[in-house]
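work34.pdb follows; it contains PDB, C-alpha atoms.
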```pdb
ATOM      1  CA  MET A   1     -49.744 -90.179  21.678  1.00  0.00           C
ATOM      2  CA  PRO A   2     -46.890 -87.665  21.375  1.00  0.00           C
ATOM      3  CA  TRP A   3     -45.657 -86.181  24.648  1.00  0.00           C
ATOM      4  CA  GLU A   4     -46.759 -82.631  23.785  1.00  0.00           C
ATOM      5  CA  TYR A   5     -50.393 -83.737  24.128  1.00  0.00           C
ATOM      6  CA  LEU A   6     -49.806 -84.726  27.746  1.00  0.00           C
ATOM      7  CA  TRP A   7     -49.670 -81.061  28.781  1.00  0.00           C
ATOM      8  CA  PRO A   8     -53.152 -80.104  27.516  1.00  0.00           C
ATOM      9  CA  ALA A   9     -54.509 -83.450  28.751  1.00  0.00           C
ATOM     10  CA  GLY A  10     -53.242 -82.772  32.272  1.00  0.00           C
ATOM     11  CA  LEU A  11     -54.570 -79.218  32.143  1.00  0.00           C
ATOM     12  CA  SER A  12     -57.958 -80.457  30.935  1.00  0.00           C
ATOM     13  CA  LEU A  13     -58.141 -82.892  33.841  1.00  0.00           C
ATOM     14  CA  LEU A  14     -57.442 -80.135  36.384  1.00  0.00           C
ATOM     15  CA  LEU A  15     -59.960 -77.853  34.708  1.00  0.00           C
ATOM     16  CA  ALA A  16     -62.604 -80.600  34.714  1.00  0.00           C
ATOM     17  CA  VAL A  17     -62.109 -81.034  38.465  1.00  0.00           C
ATOM     18  CA  GLY A  18     -62.679 -77.299  38.882  1.00  0.00           C
ATOM     19  CA  ALA A  19     -65.762 -77.230  36.661  1.00  0.00           C
ATOM     20  CA  LEU A  20     -67.328 -80.164  38.490  1.00  0.00           C
ATOM     21  CA  SER A  21     -66.553 -78.612  41.864  1.00  0.00           C
ATOM     22  CA  ASP A  22     -68.130 -75.342  40.782  1.00  0.00           C
ATOM     23  CA  ILE A  23     -71.248 -77.099  39.488  1.00  0.00           C
ATOM     24  CA  LYS A  24     -71.633 -79.243  42.602  1.00  0.00           C
ATOM     25  CA  ASP A  25     -70.649 -76.841  45.401  1.00  0.00           C
ATOM     26  CA  ARG A  26     -70.254 -73.448  43.683  1.00  0.00           C
ATOM     27  CA  ARG A  27     -66.684 -73.457  44.997  1.00  0.00           C
ATOM     28  CA  LEU A  28     -63.319 -73.459  43.308  1.00  0.00           C
ATOM     29  CA  PRO A  29     -60.812 -74.649  45.923  1.00  0.00           C
ATOM     30  CA  ASN A  30     -57.638 -72.664  46.556  1.00  0.00           C
ATOM     31  CA  TRP A  31     -55.506 -75.819  46.306  1.00  0.00           C
ATOM     32  CA  LEU A  32     -56.777 -76.342  42.749  1.00  0.00           C
ATOM     33  CA  SER A  33     -55.952 -72.775  41.716  1.00  0.00           C
ATOM     34  CA  LEU A  34     -52.476 -73.184  43.211  1.00  0.00           C
ATOM     35  CA  LEU A  35     -52.039 -76.530  41.444  1.00  0.00           C
ATOM     36  CA  LEU A  36     -53.036 -74.900  38.140  1.00  0.00           C
ATOM     37  CA  LEU A  37     -50.461 -72.166  38.765  1.00  0.00           C
ATOM     38  CA  VAL A  38     -47.683 -74.688  39.460  1.00  0.00           C
ATOM     39  CA  TYR A  39     -48.730 -76.827  36.484  1.00  0.00           C
ATOM     40  CA  GLY A  40     -48.748 -73.792  34.197  1.00  0.00           C
ATOM     41  CA  LEU A  41     -45.307 -72.678  35.322  1.00  0.00           C
ATOM     42  CA  ALA A  42     -43.954 -76.232  34.903  1.00  0.00           C
ATOM     43  CA  HIS A  43     -45.370 -76.138  31.382  1.00  0.00           C
ATOM     44  CA  ALA A  44     -43.538 -72.842  30.839  1.00  0.00           C
ATOM     45  CA  VAL A  45     -40.239 -74.405  31.934  1.00  0.00           C
ATOM     46  CA  ALA A  46     -40.759 -77.339  29.558  1.00  0.00           C
ATOM     47  CA  LEU A  47     -41.828 -75.012  26.756  1.00  0.00           C
ATOM     48  CA  GLY A  48     -38.797 -72.768  27.289  1.00  0.00           C
ATOM     49  CA  GLY A  49     -36.506 -75.727  26.727  1.00  0.00           C
ATOM     50  CA  ILE A  50     -38.351 -76.701  23.544  1.00  0.00           C
ATOM     51  CA  ALA A  51     -38.518 -73.252  21.996  1.00  0.00           C
ATOM     52  CA  ASP A  52     -34.865 -72.428  22.754  1.00  0.00           C
ATOM     53  CA  MET A  53     -36.103 -69.133  24.205  1.00  0.00           C
ATOM     54  CA  GLY A  54     -34.729 -70.043  27.573  1.00  0.00           C
ATOM     55  CA  TRP A  55     -36.924 -71.258  30.380  1.00  0.00           C
ATOM     56  CA  LEU A  56     -36.376 -68.126  32.462  1.00  0.00           C
ATOM     57  CA  SER A  57     -37.781 -65.852  29.757  1.00  0.00           C
ATOM     58  CA  THR A  58     -40.687 -68.178  29.072  1.00  0.00           C
ATOM     59  CA  ILE A  59     -41.592 -68.600  32.733  1.00  0.00           C
ATOM     60  CA  GLY A  60     -41.506 -64.817  33.095  1.00  0.00           C
ATOM     61  CA  TRP A  61     -44.172 -64.301  30.413  1.00  0.00           C
ATOM     62  CA  HIS A  62     -46.363 -67.039  31.890  1.00  0.00           C
ATOM     63  CA  SER A  63     -45.957 -65.553  35.386  1.00  0.00           C
ATOM     64  CA  LEU A  64     -46.779 -62.073  34.137  1.00  0.00           C
ATOM     65  CA  HIS A  65     -49.985 -63.387  32.581  1.00  0.00           C
ATOM     66  CA  ALA A  66     -50.996 -65.075  35.849  1.00  0.00           C
ATOM     67  CA  LEU A  67     -50.192 -61.949  37.877  1.00  0.00           C
ATOM     68  CA  THR A  68     -52.099 -59.692  35.474  1.00  0.00           C
ATOM     69  CA  ALA A  69     -55.106 -62.020  35.587  1.00  0.00           C
ATOM     70  CA  LEU A  70     -54.990 -62.106  39.392  1.00  0.00           C
ATOM     71  CA  VAL A  71     -54.839 -58.312  39.726  1.00  0.00           C
ATOM     72  CA  ILE A  72     -57.714 -57.784  37.267  1.00  0.00           C
ATOM     73  CA  GLY A  73     -59.691 -60.626  38.854  1.00  0.00           C
ATOM     74  CA  ALA A  74     -59.195 -59.138  42.318  1.00  0.00           C
ATOM     75  CA  ALA A  75     -60.464 -55.782  41.049  1.00  0.00           C
ATOM     76  CA  LEU A  76     -63.525 -57.459  39.513  1.00  0.00           C
ATOM     77  CA  PHE A  77     -64.101 -59.334  42.776  1.00  0.00           C
ATOM     78  CA  ALA A  78     -63.829 -56.112  44.771  1.00  0.00           C
ATOM     79  CA  GLY A  79     -66.426 -54.598  42.450  1.00  0.00           C
ATOM     80  CA  GLY A  80     -68.780 -57.533  42.990  1.00  0.00           C
ATOM     81  CA  ILE A  81     -68.587 -58.538  39.326  1.00  0.00           C
ATOM     82  CA  PHE A  82     -66.624 -61.771  39.667  1.00  0.00           C
ATOM     83  CA  GLY A  83     -66.305 -64.382  42.406  1.00  0.00           C
ATOM     84  CA  GLY A  84     -63.056 -64.676  44.338  1.00  0.00           C
ATOM     85  CA  GLY A  85     -62.724 -68.364  43.484  1.00  0.00           C
ATOM     86  CA  ASP A  86     -63.304 -67.595  39.810  1.00  0.00           C
ATOM     87  CA  ALA A  87     -60.585 -64.913  39.906  1.00  0.00           C
ATOM     88  CA  LYS A  88     -58.028 -67.285  41.469  1.00  0.00           C
ATOM     89  CA  PHE A  89     -59.035 -70.171  39.174  1.00  0.00           C
ATOM     90  CA  TYR A  90     -58.625 -67.960  36.096  1.00  0.00           C
ATOM     91  CA  ALA A  91     -55.254 -66.666  37.339  1.00  0.00           C
ATOM     92  CA  GLY A  92     -54.037 -70.223  37.957  1.00  0.00           C
ATOM     93  CA  LEU A  93     -55.133 -71.168  34.444  1.00  0.00           C
ATOM     94  CA  ALA A  94     -53.470 -68.055  32.997  1.00  0.00           C
ATOM     95  CA  ALA A  95     -50.062 -69.364  34.124  1.00  0.00           C
ATOM     96  CA  TYR A  96     -50.339 -72.079  31.456  1.00  0.00           C
ATOM     97  CA  PHE A  97     -50.351 -69.434  28.705  1.00  0.00           C
ATOM     98  CA  THR A  98     -47.988 -66.584  27.887  1.00  0.00           C
ATOM     99  CA  LEU A  99     -49.138 -63.001  28.255  1.00  0.00           C
ATOM    100  CA  SER A 100     -49.475 -62.785  24.462  1.00  0.00           C
ATOM    101  CA  ASP A 101     -52.127 -65.536  24.647  1.00  0.00           C
ATOM    102  CA  GLY A 102     -54.069 -63.552  27.245  1.00  0.00           C
ATOM    103  CA  LEU A 103     -56.593 -62.002  24.871  1.00  0.00           C
ATOM    104  CA  ASP A 104     -57.213 -65.364  23.209  1.00  0.00           C
ATOM    105  CA  LEU A 105     -57.906 -66.938  26.606  1.00  0.00           C
ATOM    106  CA  LEU A 106     -60.215 -64.101  27.615  1.00  0.00           C
ATOM    107  CA  LEU A 107     -62.027 -64.315  24.273  1.00  0.00           C
ATOM    108  CA  TRP A 108     -62.653 -68.081  24.479  1.00  0.00           C
ATOM    109  CA  VAL A 109     -63.724 -67.936  28.124  1.00  0.00           C
ATOM    110  CA  SER A 110     -66.086 -65.052  27.310  1.00  0.00           C
ATOM    111  CA  ILE A 111     -67.607 -66.674  24.207  1.00  0.00           C
ATOM    112  CA  LEU A 112     -68.107 -70.035  25.883  1.00  0.00           C
ATOM    113  CA  GLY A 113     -69.331 -68.299  29.023  1.00  0.00           C
ATOM    114  CA  PHE A 114     -71.958 -66.395  27.044  1.00  0.00           C
ATOM    115  CA  PHE A 115     -73.335 -69.553  25.447  1.00  0.00           C
ATOM    116  CA  ALA A 116     -73.156 -71.489  28.705  1.00  0.00           C
ATOM    117  CA  ILE A 117     -75.064 -68.788  30.595  1.00  0.00           C
ATOM    118  CA  ILE A 118     -77.740 -68.592  27.890  1.00  0.00           C
ATOM    119  CA  SER A 119     -78.076 -72.398  27.909  1.00  0.00           C
ATOM    120  CA  TRP A 120     -78.219 -72.446  31.713  1.00  0.00           C
ATOM    121  CA  MET A 121     -80.945 -69.785  31.761  1.00  0.00           C
ATOM    122  CA  ILE A 122     -83.016 -71.571  29.127  1.00  0.00           C
ATOM    123  CA  GLY A 123     -82.535 -74.913  30.890  1.00  0.00           C
ATOM    124  CA  ARG A 124     -83.690 -73.473  34.207  1.00  0.00           C
ATOM    125  CA  ARG A 125     -86.891 -72.257  32.554  1.00  0.00           C
ATOM    126  CA  LEU A 126     -87.621 -75.426  30.559  1.00  0.00           C
ATOM    127  CA  ILE A 127     -86.697 -78.140  33.045  1.00  0.00           C
ATOM    128  CA  PRO A 128     -89.059 -78.201  35.992  1.00  0.00           C
ATOM    129  CA  SER A 129     -87.106 -78.414  39.209  1.00  0.00           C
ATOM    130  CA  LYS A 130     -87.018 -76.914  42.630  1.00  0.00           C
ATOM    131  CA  LYS A 131     -85.992 -73.293  42.159  1.00  0.00           C
ATOM    132  CA  PRO A 132     -83.022 -72.173  44.244  1.00  0.00           C
ATOM    133  CA  ILE A 133     -83.527 -69.380  46.731  1.00  0.00           C
ATOM    134  CA  ALA A 134     -82.861 -65.995  45.141  1.00  0.00           C
ATOM    135  CA  ASN A 135     -79.330 -64.681  45.769  1.00  0.00           C
ATOM    136  CA  SER A 136     -78.161 -68.070  47.079  1.00  0.00           C
ATOM    137  CA  LEU A 137     -75.046 -69.681  45.649  1.00  0.00           C
ATOM    138  CA  LYS A 138     -77.114 -72.254  43.739  1.00  0.00           C
ATOM    139  CA  ALA A 139     -79.005 -69.424  42.023  1.00  0.00           C
ATOM    140  CA  LYS A 140     -75.767 -68.176  40.432  1.00  0.00           C
ATOM    141  CA  PHE A 141     -74.137 -69.536  37.297  1.00  0.00           C
ATOM    142  CA  PRO A 142     -70.963 -71.554  38.006  1.00  0.00           C
ATOM    143  CA  TYR A 143     -68.595 -69.491  35.846  1.00  0.00           C
ATOM    144  CA  GLY A 144     -65.750 -71.907  36.573  1.00  0.00           C
ATOM    145  CA  VAL A 145     -67.338 -74.063  33.868  1.00  0.00           C
ATOM    146  CA  ALA A 146     -66.759 -71.358  31.243  1.00  0.00           C
ATOM    147  CA  ILE A 147     -63.233 -70.714  32.510  1.00  0.00           C
ATOM    148  CA  ALA A 148     -62.449 -74.428  32.305  1.00  0.00           C
ATOM    149  CA  ALA A 149     -63.985 -74.834  28.844  1.00  0.00           C
ATOM    150  CA  GLY A 150     -62.210 -71.793  27.391  1.00  0.00           C
ATOM    151  CA  GLY A 151     -58.856 -72.801  28.866  1.00  0.00           C
ATOM    152  CA  ALA A 152     -59.120 -76.397  27.670  1.00  0.00           C
ATOM    153  CA  LEU A 153     -60.154 -75.305  24.180  1.00  0.00           C
ATOM    154  CA  LEU A 154     -57.251 -72.887  23.845  1.00  0.00           C
ATOM    155  CA  ALA A 155     -54.781 -75.452  25.203  1.00  0.00           C
ATOM    156  CA  TRP A 156     -55.900 -78.031  22.634  1.00  0.00           C
ATOM    157  CA  LEU A 157     -55.870 -75.569  19.716  1.00  0.00           C
ATOM    158  CA  ALA A 158     -52.073 -75.331  19.821  1.00  0.00           C
ATOM    159  CA  PRO A 159     -50.493 -77.807  22.281  1.00  0.00           C
ATOM    160  CA  ILE A 160     -46.887 -76.896  21.474  1.00  0.00           C
ATOM    161  CA  SER A 161     -47.188 -73.159  20.947  1.00  0.00           C
ATOM    162  CA  SER A 162     -49.104 -72.479  24.193  1.00  0.00           C
TER     163      SER A 162
END
```
I'd like the structure from this file rewritten - as structure tokens, please.
Amino acid sequence: MPWEYLWPAGLSLLLAVGALSDIKDRRLPNWLSLLLLVYGLAHAVALGGIADMGWLSTIGWHSLHALTALVIGAALFAGGIFGGGDAKFYAGLAAYFTLSDGLDLLLWVSILGFFAIISWMIGRRLIPSKKPIANSLKAKFPYGVAIAAGGALLAWLAPISS
């Protein structure tokens, strides 16, 4: 396996941990978001050396994407639209990609999120189980799953150019 596939593999592992945590506890731990941020910036440094763009320039674009995602996520959290853990998880993931990949990441997370939510809603109606209490954490869709799926998909679409 060529070395460039180690980056998306490592990212996928971190994202899987987040998705499983969100499914199980409806929590995305801060340490995981921070680890994603560090991993993404390390990827930027490695990518900068490969692309001969200079690691400082490359890390700047990755950092700007993470910062932009965090600011928008915080605004969505303040508006009650997005969870705080989801916002930090997405921002940590965003560090893996340059700002120019931002719309692609948002698109894949949104598309996969739409289908995951529809599947989750249908599954809750078809599979008899104890219904969670309305407005409890277990009654809400774990959006970290969609964030993880969209990020992993985008990372695997172009391992070197990410």
Using only C-alpha atoms, the shortest atom-to-atom distance to Val145 of chain A among A:Leu103, A:Ala9, A:Val109, A:Leu34 belongs to A:Val109
Could you name the residues that touch Leu154 of chain A at 8 Å or less, counting only C-alpha atoms, but leaving out those on the same chain fewer than 2 positions away, as an mmCIF file with C-alpha atoms, in the coordinates of the input?
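Listed below is the output, part24.cif:
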```
data_model
loop_
_atom_site.group_PDB
_atom_site.id
_atom_site.type_symbol
_atom_site.label_atom_id
_atom_site.label_comp_id
_atom_site.auth_asym_id
_atom_site.auth_seq_id
_atom_site.Cartn_x
_atom_site.Cartn_y
_atom_site.Cartn_z
ATOM 1 C CA ASP A 104 -57.213 -65.364 23.209
ATOM 2 C CA LEU A 105 -57.906 -66.938 26.606
ATOM 3 C CA TRP A 108 -62.653 -68.081 24.479
ATOM 4 C CA GLY A 150 -62.210 -71.793 27.391
ATOM 5 C CA GLY A 151 -58.856 -72.801 28.866
ATOM 6 C CA ALA A 152 -59.120 -76.397 27.670
ATOM 7 C CA TRP A 156 -55.900 -78.031 22.634
ATOM 8 C CA LEU A 157 -55.870 -75.569 19.716
ATOM 9 C CA ALA A 158 -52.073 -75.331 19.821
#
```
Non-local contacts of Gly84 of chain A (8 Å; only C-alpha atoms; under 6 positions in same chain excluded) as a PyMOL selection string | chain A and resi 73-74+77
Closest of A:Leu14, A:Leu64, A:Ile72, A:Leu47 to Ser33 of chain A - atom-to-atom distances counting only C-alpha atoms |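 Among A:Leu14, A:Leu64, A:Ile72, A:Leu47, it is A:Leu14 that comes nearest to Ser33 of chain A.
With all atoms listed in the file as the basis for measurement, A:Phe141 is the residue among A:Val38, A:Leu6, A:Ser100, A:Phe141 that approaches Gly123 of chain A most closely.
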Choose the residue, out of A:Leu11, A:Leu36, A:Val45, A:Leu76, that has the smallest atom-to-atom separation from Leu153 of chain A; count all atoms listed in the file.
->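 Answer, going by the shortest atom-to-atom distance: A:Leu11.
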Using only C-alpha atoms, which residues sit within 12 Å of Leu15 of chain A once same-chain residues fewer than 5 positions away are excluded, as a PyMOL selection string?
-> chain A and resi 8-10+20-22+28-29+32-33+35-37+39-40+86+89-90+92-94+96+144-153+155
What separation in Å, quoted to one decimal, exists between atom CA of Arg27 of chain A and atom CA of Ala69 of chain A?
->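 Atom-to-atom, atom CA of Arg27 of chain A and atom CA of Ala69 of chain A are spaced 18.8 Å apart.
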Please measure the separation of atom CA of Ala44 of chain A and atom CA of Ile59 of chain A, giving the value in Å to one decimal.
->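 Distance reported for this atom pair: 5.0 Å.
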Give the padded box for segment 33-46 of chain A as AutoDock Vina command-line options: axis-aligned, covering all atoms listed in the file, 6 Å on each side, centre and edge lengths in Å to one decimal.
```
--center_x -48.1 --center_y -74.8 --center_z 36.4 --size_x 27.7 --size_y 17.2 --size_z 25.7
```
What separates atom CA of Lys88 of chain A and atom CA of Leu70 of chain A is a distance of 6.4 Å
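Closest to Leu99 of chain A among A:Leu41, A:Leu56, A:Ala66, A:Ala46 is A:Ala66, based on all atoms listed in the file.
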All heavy atoms of segment 96-107 of chain A, written as a short mmCIF file (atom, residue, chain, number, x, y, z; two decimals), in the first residue's frame:
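After the write, selection_22.cif holds the following:
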```
data_model
loop_
_atom_site.label_atom_id
_atom_site.label_comp_id
_atom_site.auth_asym_id
_atom_site.auth_seq_id
_atom_site.Cartn_x
_atom_site.Cartn_y
_atom_site.Cartn_z
N TYR A 96 -8.03 18.95 7.68
CA TYR A 96 -7.42 17.96 6.77
C TYR A 96 -7.47 18.45 5.32
O TYR A 96 -6.66 18.04 4.50
CB TYR A 96 -8.16 16.63 6.90
CG TYR A 96 -7.54 15.49 6.13
CD1 TYR A 96 -6.50 14.74 6.67
CD2 TYR A 96 -8.00 15.15 4.87
CE1 TYR A 96 -5.95 13.68 5.97
CE2 TYR A 96 -7.45 14.10 4.16
CZ TYR A 96 -6.42 13.37 4.71
OH TYR A 96 -5.87 12.32 4.01
N PHE A 97 -8.40 19.35 5.03
CA PHE A 97 -8.63 19.80 3.66
C PHE A 97 -8.32 21.29 3.54
O PHE A 97 -8.51 22.05 4.48
CB PHE A 97 -10.10 19.57 3.26
CG PHE A 97 -10.52 18.14 3.36
CD1 PHE A 97 -11.22 17.69 4.47
CD2 PHE A 97 -10.23 17.23 2.36
CE1 PHE A 97 -11.62 16.37 4.58
CE2 PHE A 97 -10.62 15.92 2.46
CZ PHE A 97 -11.31 15.48 3.57
N THR A 98 -7.90 21.71 2.35
CA THR A 98 -7.67 23.13 2.12
C THR A 98 -9.00 23.87 2.04
O THR A 98 -10.06 23.24 1.90
CB THR A 98 -6.90 23.39 0.80
OG1 THR A 98 -7.71 22.95 -0.29
CG2 THR A 98 -5.56 22.68 0.77
N LEU A 99 -8.94 25.17 2.14
CA LEU A 99 -10.15 25.98 2.05
C LEU A 99 -10.86 25.75 0.72
O LEU A 99 -12.09 25.74 0.66
CB LEU A 99 -9.80 27.46 2.24
CG LEU A 99 -10.98 28.43 2.27
CD1 LEU A 99 -11.92 28.10 3.42
CD2 LEU A 99 -10.48 29.85 2.39
N SER A 100 -10.11 25.53 -0.34
CA SER A 100 -10.72 25.31 -1.66
C SER A 100 -11.51 24.00 -1.72
O SER A 100 -12.36 23.83 -2.59
CB SER A 100 -9.66 25.34 -2.77
OG SER A 100 -8.74 24.29 -2.61
N ASP A 101 -11.26 23.08 -0.80
CA ASP A 101 -12.02 21.83 -0.72
C ASP A 101 -13.24 21.98 0.19
O ASP A 101 -14.00 21.03 0.38
CB ASP A 101 -11.16 20.69 -0.17
CG ASP A 101 -10.06 20.27 -1.13
OD1 ASP A 101 -10.29 20.33 -2.36
OD2 ASP A 101 -8.98 19.87 -0.66
N GLY A 102 -13.42 23.15 0.76
CA GLY A 102 -14.48 23.37 1.74
C GLY A 102 -15.88 23.09 1.22
O GLY A 102 -16.68 22.46 1.90
N LEU A 103 -16.18 23.55 0.03
CA LEU A 103 -17.52 23.32 -0.52
C LEU A 103 -17.74 21.85 -0.84
O LEU A 103 -18.85 21.33 -0.66
CB LEU A 103 -17.76 24.19 -1.75
CG LEU A 103 -17.97 25.67 -1.47
CD1 LEU A 103 -18.17 26.45 -2.77
CD2 LEU A 103 -19.13 25.90 -0.53
N ASP A 104 -16.69 21.17 -1.29
CA ASP A 104 -16.80 19.73 -1.54
C ASP A 104 -17.10 18.98 -0.24
O ASP A 104 -17.96 18.09 -0.21
CB ASP A 104 -15.52 19.17 -2.17
CG ASP A 104 -15.31 19.64 -3.59
OD1 ASP A 104 -16.30 19.98 -4.26
OD2 ASP A 104 -14.15 19.65 -4.04
N LEU A 105 -16.40 19.34 0.83
CA LEU A 105 -16.64 18.70 2.12
C LEU A 105 -18.07 18.97 2.59
O LEU A 105 -18.78 18.04 2.99
CB LEU A 105 -15.63 19.19 3.16
CG LEU A 105 -15.79 18.60 4.56
CD1 LEU A 105 -15.62 17.10 4.55
CD2 LEU A 105 -14.78 19.25 5.52
N LEU A 106 -18.49 20.20 2.52
CA LEU A 106 -19.85 20.55 2.94
C LEU A 106 -20.89 19.80 2.10
O LEU A 106 -21.89 19.31 2.62
CB LEU A 106 -20.06 22.06 2.83
CG LEU A 106 -21.42 22.59 3.26
CD1 LEU A 106 -21.69 22.27 4.73
CD2 LEU A 106 -21.49 24.08 3.02
N LEU A 107 -20.65 19.70 0.81
CA LEU A 107 -21.57 19.00 -0.08
C LEU A 107 -21.70 17.53 0.30
O LEU A 107 -22.81 17.01 0.44
CB LEU A 107 -21.11 19.15 -1.54
CG LEU A 107 -21.94 18.39 -2.57
CD1 LEU A 107 -23.33 19.03 -2.69
CD2 LEU A 107 -21.24 18.39 -3.93
#
```
